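Single-structure report; data block below.
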2 protein chains.
Amino acid sequence: MATQRVPVIEKIMDANDQVASMNKKKLDESNIFAINLMASPGAGKTSLILRTIRTLSPDLRVGVIEGDTAPVTIDADKVLAEGMPAVQINTGGECHLDAVMISNALEQLPLDSIDLLIIENVGNLICPAAFQLGTHVNVLIASVPEGDDKPYKYTNIYRGLDVLIINKIDLLPYISFNMDYFRQGVELLNPGLITFPLSCTTGEGIAEWTAWVRSQVEKRKSQNA
Amino acid sequence: MATQRVPVIEKIMDANDQVASMNKKKLDESNIFAINLMASPGAGKTSLILRTIRTLSPDLRVGVIEGDTAPVTIDADKVLAEGMPAVQINTGGECHLDAVMISNALEQLPLDSIDLLIIENVGNLICPAAFQLGTHVNVLIASVPEGDDKPYKYTNIYRGLDVLIINKIDLLPYISFNMDYFRQGVELLNPGLITFPLSCTTGEGIAEWTAWVRSQVEKRKSQNA
C-alpha cells in the first residue's frame, strides 16, 4: 500500500497578497508599469504626479488611482484636468489602500490606453507599508520639512521601498535638515536604495526621476514585445 | 406583584473609552492638565514640546509620554535632556496610541510632581482620531509645508479637536499656502476652534500658546483647590 502523503503548502499567501498577485498579472498583460506612491500627508504626492504627467505626456499615457480617507475628489480632479484618466478610492477612514480596492479600481480604468499607472496611497507612513497592491515598485516621498529623523522612526516603510524621492529640496536653505544623517538612516534599512532628490516647486530633479520612470516603462514594453 | 424592570444601559462605553475615563480620573486626582498632541510625521510635535517645556519651566513641571511605532528613544531622550520625566511607548507598528498604553505609561511617571502632561501621539492624521486617551484636550499640529487642503482630506481628526496649532509659519513666504482656504476648511468642521499660528524655529506665536496652556493648568488647580 502506497503511503499517502499529507499535502504541505510551503507558503500560504494571505488574501491581500493573492489579490495583489492577480493585479500584477493584469497590469503585465496590459503592458502597464505601476507605481505605489506613498508618503505622509502633504509630502507632495499629487504635485509629483502632476509634474510626472506633464513631463511624460503626450509620449506616455498616465492613469492615476487616488486613495483618500474622506470622500473628496480634490486630487483626482487635478489629474482629470490634465486630460488623464483617474479613479478615486474613498477608504472610509481606513489608513491605507489594499489589493482588493485596487482590483476594483482597475476595472474602472481604460487599461489598454495606459502606459503608466500611479497609485497615490493614503497619506500615512505606517499602515500602507503592510499592504502590497500588485504594483511593480513601492515609492516613498520623503519631504525635507518633515525632518531628517524619519528613516529612524518609520523603519518598516523604508525597508520595503524600491525607490525613494526626497521632495522640497528648495526648502533646504530655510530648514535644519542634515542630509547625511537622513541618508545614513536610509542606508541602514535599505542599502543602495535608488534615490531622487527633487523639488516639485522649482522642477529641479524632475528630469532625472521622469527619465527613470520612462526607462522602466520602456523596459517592460520591450520585455513583453 | 411589582413589575420587574430589565435594566437598560443607555450608552455602553467601549473598552478603550472606559480606560480613558479612568486615566482622566487619575490625572484629575493628581491635578495634572493633560494634552493629546497629534500631527503628521514631521509637523513639529517634539519641537513644540521642547519649546513649551523651556517656556513654562521652572514654574511648571512637564511630563511627557512619547509614542512611536519603532523602538527608538530619539524624542524621549530630548525631553530627558531638558530635565523633565519622559516615558517612551513603542506601539510595535500600531498607528496610534490607546488608553491602555497610556494607563501603563502613567504608572511610570511621578504624577505628584507634574503639572502638565503632554502625550506625543504617533505621527498620523487618521488612526489617532479614533482613540480617546483620557486627556483634557485633543490638540493637532498642522504644518504649513503639508499644504492648505488637509482639513478637507482628514476630516475626522479636525472634527474632534479642542485646539489647532499651525506650525512653521516662518516658511509661509516660500510655500504656496492659502491661509483663508485652510481656515475655511477648519471652520466648516469645527466652528470657532481655538487656533495658534506659530513657529517652533523662530519662536513667533509660542508665547500665546504657552500662555493658554498655563491658564489651563492654573484653572484646573484652582478648581481642585
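Starting from 1 in every chain, residues are counted up; chains themselves are A, B, ... following the order of the C-alpha cells, and ligands are numbered from 1 as listed.
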Review point. Using only C-alpha atoms, which chain A residues lie at most 6 Å away from chain B, written as a list of chain:residue names?
Key: A:Gly42, A:Ala70, A:Glu146, A:Gly147, A:Lys153
Export, as a PDB file, in the first residue's frame, the selected residues with N, CA and C atoms.
ATOM      1  N   GLY A  42       0.771  65.646   2.768  1.00  0.00           N
ATOM      2  CA  GLY A  42       1.402  66.907   2.374  1.00  0.00           C
ATOM      3  C   GLY A  42       2.856  66.819   1.956  1.00  0.00           C
ATOM      4  N   ALA A  70     -11.258  60.366   3.034  1.00  0.00           N
ATOM      5  CA  ALA A  70     -12.530  61.091   3.007  1.00  0.00           C
ATOM      6  C   ALA A  70     -13.037  61.158   1.567  1.00  0.00           C
ATOM      7  N   GLU A 146       9.688  67.574   6.829  1.00  0.00           N
ATOM      8  CA  GLU A 146       9.339  66.547   7.820  1.00  0.00           C
ATOM      9  C   GLU A 146      10.484  66.242   8.768  1.00  0.00           C
ATOM     10  N   GLY A 147      11.701  66.597   8.360  1.00  0.00           N
ATOM     11  CA  GLY A 147      12.848  66.369   9.230  1.00  0.00           C
ATOM     12  C   GLY A 147      13.673  65.169   8.817  1.00  0.00           C
ATOM     13  N   LYS A 153      12.548  56.427  12.465  1.00  0.00           N
ATOM     14  CA  LYS A 153      11.278  56.250  13.184  1.00  0.00           C
ATOM     15  C   LYS A 153      10.275  55.378  12.430  1.00  0.00           C
TER      16      LYS A 153
END
Practice item. Pick out each residue of range 27-210 of chain B that DSSP on the backbone tags as helix (DSSP H, G or I); I need them as a VMD selection string. Key: chain B and resid 27 to 29 45 to 56 74 to 81 99 to 107 111 to 113 127 to 130 144 to 146 150 to 153 155 to 159 169 to 174 179 to 189 206 to 210
Would you save the residues of that selection, restricted to C-alpha atoms, as an mmCIF file, in the first residue's frame?
data_model
loop_
_atom_site.group_PDB
_atom_site.id
_atom_site.type_symbol
_atom_site.label_atom_id
_atom_site.label_comp_id
_atom_site.auth_asym_id
_atom_site.auth_seq_id
_atom_site.Cartn_x
_atom_site.Cartn_y
_atom_site.Cartn_z
ATOM 1 C CA LEU B 27 -4.941 62.813 36.133
ATOM 2 C CA ASP B 28 -7.573 64.940 37.854
ATOM 3 C CA GLU B 29 -6.702 63.447 41.226
ATOM 4 C CA LYS B 45 5.399 67.675 17.783
ATOM 5 C CA THR B 46 8.702 67.196 19.595
ATOM 6 C CA SER B 47 9.874 70.709 18.735
ATOM 7 C CA LEU B 48 6.694 72.178 20.210
ATOM 8 C CA ILE B 49 7.050 70.048 23.347
ATOM 9 C CA LEU B 50 10.633 71.259 23.862
ATOM 10 C CA ARG B 51 9.614 74.904 23.254
ATOM 11 C CA THR B 52 6.740 74.509 25.719
ATOM 12 C CA ILE B 53 8.970 72.980 28.396
ATOM 13 C CA ARG B 54 11.581 75.727 28.002
ATOM 14 C CA THR B 55 8.967 78.471 28.263
ATOM 15 C CA LEU B 56 6.967 77.084 31.182
ATOM 16 C CA ILE B 74 15.174 59.924 19.915
ATOM 17 C CA ASP B 75 12.291 62.101 21.125
ATOM 18 C CA ALA B 76 12.163 60.871 24.724
ATOM 19 C CA ASP B 77 15.915 61.480 25.063
ATOM 20 C CA LYS B 78 15.397 65.128 24.087
ATOM 21 C CA VAL B 79 12.817 65.558 26.854
ATOM 22 C CA LEU B 80 15.071 63.912 29.430
ATOM 23 C CA ALA B 81 17.838 66.285 28.350
ATOM 24 C CA ALA B 99 -5.939 54.386 26.554
ATOM 25 C CA VAL B 100 -4.412 51.137 27.866
ATOM 26 C CA MET B 101 -0.941 52.167 26.691
ATOM 27 C CA ILE B 102 -1.409 55.498 28.486
ATOM 28 C CA SER B 103 -2.663 53.774 31.635
ATOM 29 C CA ASN B 104 0.547 51.729 31.731
ATOM 30 C CA ALA B 105 2.709 54.771 30.996
ATOM 31 C CA LEU B 106 1.082 56.783 33.816
ATOM 32 C CA GLU B 107 2.368 54.134 36.246
ATOM 33 C CA LEU B 111 2.438 62.141 38.845
ATOM 34 C CA ASP B 112 2.672 64.027 42.150
ATOM 35 C CA SER B 113 5.427 66.272 40.799
ATOM 36 C CA CYS B 127 -5.781 56.374 13.355
ATOM 37 C CA PRO B 128 -5.219 58.595 16.445
ATOM 38 C CA ALA B 129 -8.545 60.368 15.771
ATOM 39 C CA ALA B 130 -10.491 57.252 16.778
ATOM 40 C CA VAL B 144 2.415 74.890 6.638
ATOM 41 C CA PRO B 145 4.527 72.719 4.254
ATOM 42 C CA GLU B 146 1.846 69.994 4.377
ATOM 43 C CA LYS B 150 -5.518 68.945 4.816
ATOM 44 C CA PRO B 151 -8.740 69.888 6.701
ATOM 45 C CA TYR B 152 -10.698 68.854 3.613
ATOM 46 C CA LYS B 153 -8.966 65.446 3.490
ATOM 47 C CA THR B 155 -11.992 65.475 8.391
ATOM 48 C CA ASN B 156 -12.299 63.091 11.354
ATOM 49 C CA ILE B 157 -9.269 64.378 13.195
ATOM 50 C CA TYR B 158 -10.265 68.039 12.697
ATOM 51 C CA ARG B 159 -13.789 67.396 13.992
ATOM 52 C CA ILE B 169 4.580 79.872 9.708
ATOM 53 C CA ASP B 170 8.169 81.072 9.097
ATOM 54 C CA LEU B 171 8.007 79.060 5.844
ATOM 55 C CA LEU B 172 4.903 80.882 4.535
ATOM 56 C CA PRO B 173 6.972 83.180 2.250
ATOM 57 C CA TYR B 174 8.470 80.152 0.472
ATOM 58 C CA MET B 179 -4.431 80.578 4.895
ATOM 59 C CA ASP B 180 -8.023 81.641 4.163
ATOM 60 C CA TYR B 181 -8.756 78.378 2.315
ATOM 61 C CA PHE B 182 -7.176 76.371 5.129
ATOM 62 C CA ARG B 183 -9.117 78.209 7.853
ATOM 63 C CA GLN B 184 -12.393 77.909 5.933
ATOM 64 C CA GLY B 185 -11.937 74.139 5.836
ATOM 65 C CA VAL B 186 -11.323 74.044 9.582
ATOM 66 C CA GLU B 187 -14.298 76.323 10.309
ATOM 67 C CA LEU B 188 -16.634 74.009 8.387
ATOM 68 C CA LEU B 189 -15.652 71.035 10.530
ATOM 69 C CA ILE B 206 4.960 80.428 21.204
ATOM 70 C CA ALA B 207 4.101 82.960 23.948
ATOM 71 C CA GLU B 208 0.388 82.909 23.034
ATOM 72 C CA TRP B 209 0.279 79.090 23.021
ATOM 73 C CA THR B 210 2.147 78.669 26.298
#
Practice item. With a distance cut-off of 7 Å and only C-alpha atoms, select the neighbouring residues of range 212-218 of chain A, excluding the residue or stretch itself and same-chain residues fewer than 4 positions from it, and output the selection as a list in words. Key: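 Counting only C-alpha atoms, the residues come to Phe33, Asp115, Leu116, Glu208 and Ser222 of chain A.
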Same residues, C-alpha atoms, output as an mmCIF file, in the first residue's frame:
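result.cif, written as the output of this step:
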data_model
loop_
_atom_site.group_PDB
_atom_site.id
_atom_site.type_symbol
_atom_site.label_atom_id
_atom_site.label_comp_id
_atom_site.auth_asym_id
_atom_site.auth_seq_id
_atom_site.Cartn_x
_atom_site.Cartn_y
_atom_site.Cartn_z
ATOM 1 C CA PHE A 33 4.241 49.840 -15.354
ATOM 2 C CA ASP A 115 1.419 53.029 -20.202
ATOM 3 C CA LEU A 116 1.999 54.063 -16.635
ATOM 4 C CA GLU A 208 16.100 62.508 -13.515
ATOM 5 C CA SER A 222 10.364 45.592 -24.776
#
Practice item. To one decimal in Å, tell me the separation between CA of Leu133 in chain A and CA of Asp98 in chain A. Key: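 For CA of Leu133 in chain A relative to CA of Asp98 in chain A, the distance reads 5.8 Å.
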Practice item. Using only C-alpha atoms, find the one residue out of B:Asn121, B:Gln108, B:Asn23, B:Thr202 that sits nearest to Asn90 in chain B. Key: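 So, comparing all the options, the nearest one is B:Asn121.
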Exercise for review: Using CA of Gln132 in chain B and CA of Leu198 in chain B as the two end points, give the distance in Å to one decimal.
Suggested key: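 Computed distance, CA of Gln132 in chain B to CA of Leu198 in chain B, equals 25.8 Å.
Omitting Pro85 in chain A and its sequence neighbours fewer than 3 positions away, and counting only C-alpha atoms, the residues within 9 Å are Arg61, Val62, Gly63, Val64, Ile65, Ala76, Val79, Leu80, Glu82, Leu109, Pro110 and Ile114 of chain A.
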Point to revise | Atomic distance CA of Ile119 in chain A - CA of Leu140 in chain A, expressed in Å with one decimal | key: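 For CA of Ile119 in chain A relative to CA of Leu140 in chain A, the distance reads 11.6 Å.
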